[in-house]
Amino acid sequence: MMKLKNETHIEGYLYEHALEMKESGPNSKNPGTKFITGTVSIATDEACLNIVPVHFTYVTATTASGKPNATFTTLLNIVENAYKTCMSDGKDAAVKLRIDSAVGLNEFYSDRNGKEELVSAKRNEGGFVHVVTDGLAEKETDRNIFKCDMLITNVRHVDADDERNLPEKCIVKGAIFDFRKSLLPVEFSAVHPSAINYFEGLDASGSNPVLTQVWGRQVSETVVKTVTEESAFGDALVREVKSSRKDWVITGARPEPYVWDDESTMTAAEVNEAMKARELTLAAMKTRQDEYKASKGAAPAKATVPANSSFNF
């Protein structure tokens, strides 16, 4: 399998954070190790409306090679309030950060109607954090970028929803891979008319996957819509309706897809092996969750397991 790209770039103002210092337990690989975990949220635009979160699972003071970890130092300054946030001190006082991360999945089993279903939510996972001292990118669209090699297995059309202020788009479904080459099922959106036509024209399916590279931006913003209600007398009633919109919008793709099922790129056999490894990972996750529930006296619910078929992700 070729070296697969999976990267995100986020820069802007530290909007708020939910970081905390913890210490690894006695049964962990490195007991008694202090680490930082949690989320920082970055305002990528000057109006502070597009707020992009980045999650950190386990950041220690030193790297695997024993060298000081600069990201830990930066996050520690945030935890100890040495760096200000937009929410606490305003945008002008907030520290500016640049984070080079990657697309990951926050996965867990959720109880729904007495059954457990797998939830897989995209998020920026880990990476390198730097304080920006030389100014942010002038174009706000350059402050929030993702780029991934993707195996596309399905494209479906979604009509516009005027009431919710949602545009017409298509959902591009398939898989990307992390640095371990673990398979991550994902969905991205394409909203530009030419992008919709392009992806729908690929005729991608589980039996006819398309391997290519896509890039775009994360939308995580508050949309304010002004609604005017006319009155039989007096002034009209004018009110603002706020709604949140979260999406990963593709804005570009490789001119020509990669050659599929080839030793120089990616083979069907390699994808099948990655799918098997993912099944083992999910089974281990389910076991841990069942054991935790048992320790709390709760009976585990029956999991809903999708039927296996090649490239059904």
# chains A, B, ... in the order shown; residues from 1 in each chain; ligands from 1

$ residues_around --residues "range 61-73 of chain A" --least-positions-apart "2" --cutoff "10 Å" --atoms "only C-alpha atoms" --output "PyMOL selection string"
chain A and resi 33-36+58-59+75-79+99+126-131

$ select_by_dssp --residues "range 1-99 of chain A" --states "strand (DSSP E or B)" --output "number ranges by chain"
A: 6-23, 34-43, 50-60, 62, 68, 96-99

$ write_last_selection --atoms "C-alpha atoms" --output "PDB file, in the first residue's frame"
ATOM      1  CA  ASN A   6      -4.390  12.156   5.892  1.00  0.00           C
ATOM      2  CA  GLU A   7      -3.810  15.642   7.229  1.00  0.00           C
ATOM      3  CA  THR A   8      -5.623  18.693   8.512  1.00  0.00           C
ATOM      4  CA  HIS A   9      -4.352  22.222   9.052  1.00  0.00           C
ATOM      5  CA  ILE A  10      -6.154  24.538  11.464  1.00  0.00           C
ATOM      6  CA  GLU A  11      -5.056  28.005  12.496  1.00  0.00           C
ATOM      7  CA  GLY A  12      -6.773  30.844  14.283  1.00  0.00           C
ATOM      8  CA  TYR A  13      -7.669  32.139  17.725  1.00  0.00           C
ATOM      9  CA  LEU A  14      -7.970  29.872  20.766  1.00  0.00           C
ATOM     10  CA  TYR A  15     -11.726  30.089  21.316  1.00  0.00           C
ATOM     11  CA  GLU A  16     -12.006  27.844  24.378  1.00  0.00           C
ATOM     12  CA  HIS A  17     -10.622  24.571  25.686  1.00  0.00           C
ATOM     13  CA  ALA A  18     -11.570  21.474  27.660  1.00  0.00           C
ATOM     14  CA  LEU A  19      -8.079  20.203  28.460  1.00  0.00           C
ATOM     15  CA  GLU A  20      -7.061  18.537  31.701  1.00  0.00           C
ATOM     16  CA  MET A  21      -3.986  16.962  33.238  1.00  0.00           C
ATOM     17  CA  LYS A  22      -4.280  13.302  34.181  1.00  0.00           C
ATOM     18  CA  GLU A  23      -2.032  10.489  35.382  1.00  0.00           C
ATOM     19  CA  LYS A  34       1.263  12.543  33.598  1.00  0.00           C
ATOM     20  CA  PHE A  35      -0.489  13.435  30.367  1.00  0.00           C
ATOM     21  CA  ILE A  36      -2.840  16.032  28.912  1.00  0.00           C
ATOM     22  CA  THR A  37      -6.119  15.046  27.298  1.00  0.00           C
ATOM     23  CA  GLY A  38      -9.127  16.909  25.953  1.00  0.00           C
ATOM     24  CA  THR A  39     -10.077  19.406  23.277  1.00  0.00           C
ATOM     25  CA  VAL A  40      -9.052  22.858  22.088  1.00  0.00           C
ATOM     26  CA  SER A  41     -11.437  24.846  19.898  1.00  0.00           C
ATOM     27  CA  ILE A  42     -10.036  27.239  17.296  1.00  0.00           C
ATOM     28  CA  ALA A  43     -11.897  30.184  15.747  1.00  0.00           C
ATOM     29  CA  ASN A  50     -16.363  28.992  12.492  1.00  0.00           C
ATOM     30  CA  ILE A  51     -15.154  27.062  15.536  1.00  0.00           C
ATOM     31  CA  VAL A  52     -13.114  23.920  14.814  1.00  0.00           C
ATOM     32  CA  PRO A  53     -12.282  21.502  17.660  1.00  0.00           C
ATOM     33  CA  VAL A  54      -9.083  19.440  17.852  1.00  0.00           C
ATOM     34  CA  HIS A  55      -8.940  16.472  20.220  1.00  0.00           C
ATOM     35  CA  PHE A  56      -5.859  15.193  22.045  1.00  0.00           C
ATOM     36  CA  THR A  57      -6.055  11.770  23.647  1.00  0.00           C
ATOM     37  CA  TYR A  58      -2.671  11.345  25.311  1.00  0.00           C
ATOM     38  CA  VAL A  59       0.054  14.030  25.224  1.00  0.00           C
ATOM     39  CA  THR A  60       3.071  13.506  27.498  1.00  0.00           C
ATOM     40  CA  THR A  62       8.437  13.782  26.340  1.00  0.00           C
ATOM     41  CA  PRO A  68      10.916  17.331  25.231  1.00  0.00           C
ATOM     42  CA  LYS A  96      -3.175  32.426  18.033  1.00  0.00           C
ATOM     43  CA  LEU A  97      -2.413  28.777  17.292  1.00  0.00           C
ATOM     44  CA  ARG A  98      -1.506  26.618  14.315  1.00  0.00           C
ATOM     45  CA  ILE A  99      -2.312  22.907  14.566  1.00  0.00           C
TER      46      ILE A  99
END

$ atom_distance --atom1 "CA of Arg245 in chain A" --atom2 "CA of Ala190 in chain A"
14.6 Å

$ residues_around --residues "Arg278 in chain A" --least-positions-apart "3" --cutoff "8 Å" --atoms "only C-alpha atoms" --output "PyMOL selection string"
chain A and resi 182-183+274-275+281-282

$ closest_atom_pairs --of "range 64-178 of chain A" --to "range 248-263 of chain A" --cutoff "12 Å" --atoms "only C-alpha atoms" --output "tab-separated table"
residue	atom	partner	partner_atom	distance
A:Val103	CA	A:Trp248	CA	10.6
A:Ala121	CA	A:Trp248	CA	11.6
A:Lys122	CA	A:Trp248	CA	9.1
A:Arg123	CA	A:Trp248	CA	10.1
A:Asn124	CA	A:Trp248	CA	11.3
A:Thr141	CA	A:Thr251	CA	10.5
A:Asp142	CA	A:Thr251	CA	11.8
A:Asn144	CA	A:Trp248	CA	10.4
A:Ile145	CA	A:Trp248	CA	9.6
A:Phe146	CA	A:Trp248	CA	8.5
A:Lys147	CA	A:Ile250	CA	9.0
A:Cys148	CA	A:Ala253	CA	9.6
A:Asp149	CA	A:Arg254	CA	9.4
A:Met150	CA	A:Pro257	CA	9.9
A:Leu151	CA	A:Trp260	CA	9.1
A:Ile152	CA	A:Pro257	CA	10.4
A:Pro167	CA	A:Val249	CA	11.6
A:Lys169	CA	A:Val249	CA	9.5
A:Cys170	CA	A:Val249	CA	9.9
A:Ile171	CA	A:Val249	CA	9.4
A:Val172	CA	A:Ile250	CA	8.9
A:Lys173	CA	A:Ile250	CA	11.8

$ atom_distance --atom1 "CA of Met285 in chain A" --atom2 "CA of Asp111 in chain A"
14.5 Å

$ closest_residue --among "A:Asp89, A:Glu187, A:Asp162, A:Asp45" --to "Leu105 in chain A" --atoms "only C-alpha atoms"
A:Glu187

$ residues_around --residues "Thr228 in chain A" --least-positions-apart "5" --cutoff "10 Å" --atoms "only C-alpha atoms" --output "PyMOL selection string"
chain A and resi 236-240

$ write_last_selection --atoms "C-alpha atoms" --output "mmCIF file, in the first residue's frame"
data_model
loop_
_atom_site.group_PDB
_atom_site.id
_atom_site.type_symbol
_atom_site.label_atom_id
_atom_site.label_comp_id
_atom_site.auth_asym_id
_atom_site.auth_seq_id
_atom_site.Cartn_x
_atom_site.Cartn_y
_atom_site.Cartn_z
ATOM 1 C CA ALA A 236 -43.018 44.259 11.715
ATOM 2 C CA LEU A 237 -41.506 41.703 14.096
ATOM 3 C CA VAL A 238 -37.873 41.128 13.204
ATOM 4 C CA ARG A 239 -36.020 38.277 14.906
ATOM 5 C CA GLU A 240 -32.785 36.373 14.447
#

$ residues_around --residues "Asp203 in chain A" --least-positions-apart "5" --cutoff "8 Å" --atoms "only C-alpha atoms" --output "PDB file with all heavy atoms, in the first residue's frame"
ATOM      1  N   ASN A 154     -19.367   5.058  -2.443  1.00  0.00           N
ATOM      2  CA  ASN A 154     -20.764   5.421  -2.639  1.00  0.00           C
ATOM      3  C   ASN A 154     -20.882   6.943  -2.709  1.00  0.00           C
ATOM      4  O   ASN A 154     -20.156   7.653  -2.023  1.00  0.00           O
ATOM      5  CB  ASN A 154     -21.634   4.886  -1.482  1.00  0.00           C
ATOM      6  CG  ASN A 154     -23.109   5.217  -1.665  1.00  0.00           C
ATOM      7  OD1 ASN A 154     -23.599   6.192  -1.112  1.00  0.00           O
ATOM      8  ND2 ASN A 154     -23.806   4.392  -2.420  1.00  0.00           N
ATOM      9  N   VAL A 155     -21.802   7.412  -3.538  1.00  0.00           N
ATOM     10  CA  VAL A 155     -22.120   8.840  -3.614  1.00  0.00           C
ATOM     11  C   VAL A 155     -23.638   8.957  -3.685  1.00  0.00           C
ATOM     12  O   VAL A 155     -24.272   8.328  -4.529  1.00  0.00           O
ATOM     13  CB  VAL A 155     -21.489   9.509  -4.860  1.00  0.00           C
ATOM     14  CG1 VAL A 155     -21.880  10.985  -4.913  1.00  0.00           C
ATOM     15  CG2 VAL A 155     -19.981   9.358  -4.855  1.00  0.00           C
ATOM     16  N   ASN A 208     -17.117  -1.230  -7.370  1.00  0.00           N
ATOM     17  CA  ASN A 208     -16.370  -0.388  -8.297  1.00  0.00           C
ATOM     18  C   ASN A 208     -15.826   0.836  -7.545  1.00  0.00           C
ATOM     19  O   ASN A 208     -16.210   1.977  -7.805  1.00  0.00           O
ATOM     20  CB  ASN A 208     -17.271   0.056  -9.458  1.00  0.00           C
ATOM     21  CG  ASN A 208     -16.537   0.927 -10.463  1.00  0.00           C
ATOM     22  OD1 ASN A 208     -15.397   0.643 -10.842  1.00  0.00           O
ATOM     23  ND2 ASN A 208     -17.181   2.012 -10.899  1.00  0.00           N
TER      24      ASN A 208
END

$ residues_around --residues "Gly201 in chain A" --least-positions-apart "3" --cutoff "12 Å" --atoms "only C-alpha atoms" --output "PyMOL selection string"
chain A and resi 154-157+170+172+194-198+204-205+210

$ atom_distance --atom1 "CA of Ser101 in chain A" --atom2 "CA of Met266 in chain A"
23.6 Å

$ select_by_dssp --residues "range 19-124 of chain A" --states "helix (DSSP H, G or I)" --output "list of chain:residue names"
A:Ala70, A:Thr71, A:Phe72, A:Thr73, A:Thr74, A:Leu75, A:Leu76, A:Asn77, A:Ile78, A:Val79, A:Cys86, A:Met87, A:Ser88, A:Asp89

$ write_last_selection --atoms "N, CA, C and O atoms" --output "PDB file, in the first residue's frame"
ATOM      1  N   ALA A  70       7.198  19.686  22.540  1.00  0.00           N
ATOM      2  CA  ALA A  70       6.789  21.091  22.455  1.00  0.00           C
ATOM      3  C   ALA A  70       5.268  21.231  22.520  1.00  0.00           C
ATOM      4  O   ALA A  70       4.751  22.213  23.078  1.00  0.00           O
ATOM      5  N   THR A  71       4.537  20.267  21.962  1.00  0.00           N
ATOM      6  CA  THR A  71       3.077  20.336  22.002  1.00  0.00           C
ATOM      7  C   THR A  71       2.568  20.243  23.434  1.00  0.00           C
ATOM      8  O   THR A  71       1.627  20.949  23.824  1.00  0.00           O
ATOM      9  N   PHE A  72       3.191  19.390  24.246  1.00  0.00           N
ATOM     10  CA  PHE A  72       2.815  19.286  25.655  1.00  0.00           C
ATOM     11  C   PHE A  72       2.996  20.636  26.352  1.00  0.00           C
ATOM     12  O   PHE A  72       2.124  21.076  27.110  1.00  0.00           O
ATOM     13  N   THR A  73       4.107  21.294  26.091  1.00  0.00           N
ATOM     14  CA  THR A  73       4.380  22.586  26.722  1.00  0.00           C
ATOM     15  C   THR A  73       3.325  23.609  26.355  1.00  0.00           C
ATOM     16  O   THR A  73       2.834  24.367  27.213  1.00  0.00           O
ATOM     17  N   THR A  74       2.935  23.645  25.071  1.00  0.00           N
ATOM     18  CA  THR A  74       1.916  24.597  24.624  1.00  0.00           C
ATOM     19  C   THR A  74       0.568  24.292  25.270  1.00  0.00           C
ATOM     20  O   THR A  74      -0.117  25.200  25.761  1.00  0.00           O
ATOM     21  N   LEU A  75       0.197  23.016  25.301  1.00  0.00           N
ATOM     22  CA  LEU A  75      -1.077  22.643  25.912  1.00  0.00           C
ATOM     23  C   LEU A  75      -1.064  22.905  27.415  1.00  0.00           C
ATOM     24  O   LEU A  75      -2.090  23.310  27.996  1.00  0.00           O
ATOM     25  N   LEU A  76       0.074  22.702  28.055  1.00  0.00           N
ATOM     26  CA  LEU A  76       0.182  22.974  29.486  1.00  0.00           C
ATOM     27  C   LEU A  76      -0.039  24.462  29.769  1.00  0.00           C
ATOM     28  O   LEU A  76      -0.695  24.836  30.751  1.00  0.00           O
ATOM     29  N   ASN A  77       0.498  25.320  28.914  1.00  0.00           N
ATOM     30  CA  ASN A  77       0.279  26.759  29.069  1.00  0.00           C
ATOM     31  C   ASN A  77      -1.201  27.113  28.946  1.00  0.00           C
ATOM     32  O   ASN A  77      -1.690  28.039  29.607  1.00  0.00           O
ATOM     33  N   ILE A  78      -1.915  26.373  28.110  1.00  0.00           N
ATOM     34  CA  ILE A  78      -3.358  26.585  27.984  1.00  0.00           C
ATOM     35  C   ILE A  78      -4.067  26.125  29.254  1.00  0.00           C
ATOM     36  O   ILE A  78      -4.922  26.835  29.800  1.00  0.00           O
ATOM     37  N   VAL A  79      -3.703  24.927  29.747  1.00  0.00           N
ATOM     38  CA  VAL A  79      -4.313  24.390  30.966  1.00  0.00           C
ATOM     39  C   VAL A  79      -4.099  25.344  32.144  1.00  0.00           C
ATOM     40  O   VAL A  79      -5.006  25.579  32.956  1.00  0.00           O
ATOM     41  N   CYS A  86     -10.673  33.348  23.572  1.00  0.00           N
ATOM     42  CA  CYS A  86     -11.689  34.313  23.148  1.00  0.00           C
ATOM     43  C   CYS A  86     -12.827  34.391  24.161  1.00  0.00           C
ATOM     44  O   CYS A  86     -13.335  35.480  24.463  1.00  0.00           O
ATOM     45  N   MET A  87     -13.239  33.247  24.685  1.00  0.00           N
ATOM     46  CA  MET A  87     -14.373  33.214  25.590  1.00  0.00           C
ATOM     47  C   MET A  87     -14.078  33.916  26.905  1.00  0.00           C
ATOM     48  O   MET A  87     -14.952  34.562  27.491  1.00  0.00           O
ATOM     49  N   SER A  88     -12.850  33.814  27.384  1.00  0.00           N
ATOM     50  CA  SER A  88     -12.531  34.393  28.692  1.00  0.00           C
ATOM     51  C   SER A  88     -11.988  35.821  28.605  1.00  0.00           C
ATOM     52  O   SER A  88     -12.223  36.634  29.502  1.00  0.00           O
ATOM     53  N   ASP A  89     -11.276  36.140  27.512  1.00  0.00           N
ATOM     54  CA  ASP A  89     -10.588  37.432  27.460  1.00  0.00           C
ATOM     55  C   ASP A  89     -10.809  38.215  26.165  1.00  0.00           C
ATOM     56  O   ASP A  89     -10.248  39.295  26.013  1.00  0.00           O
TER      57      ASP A  89
END
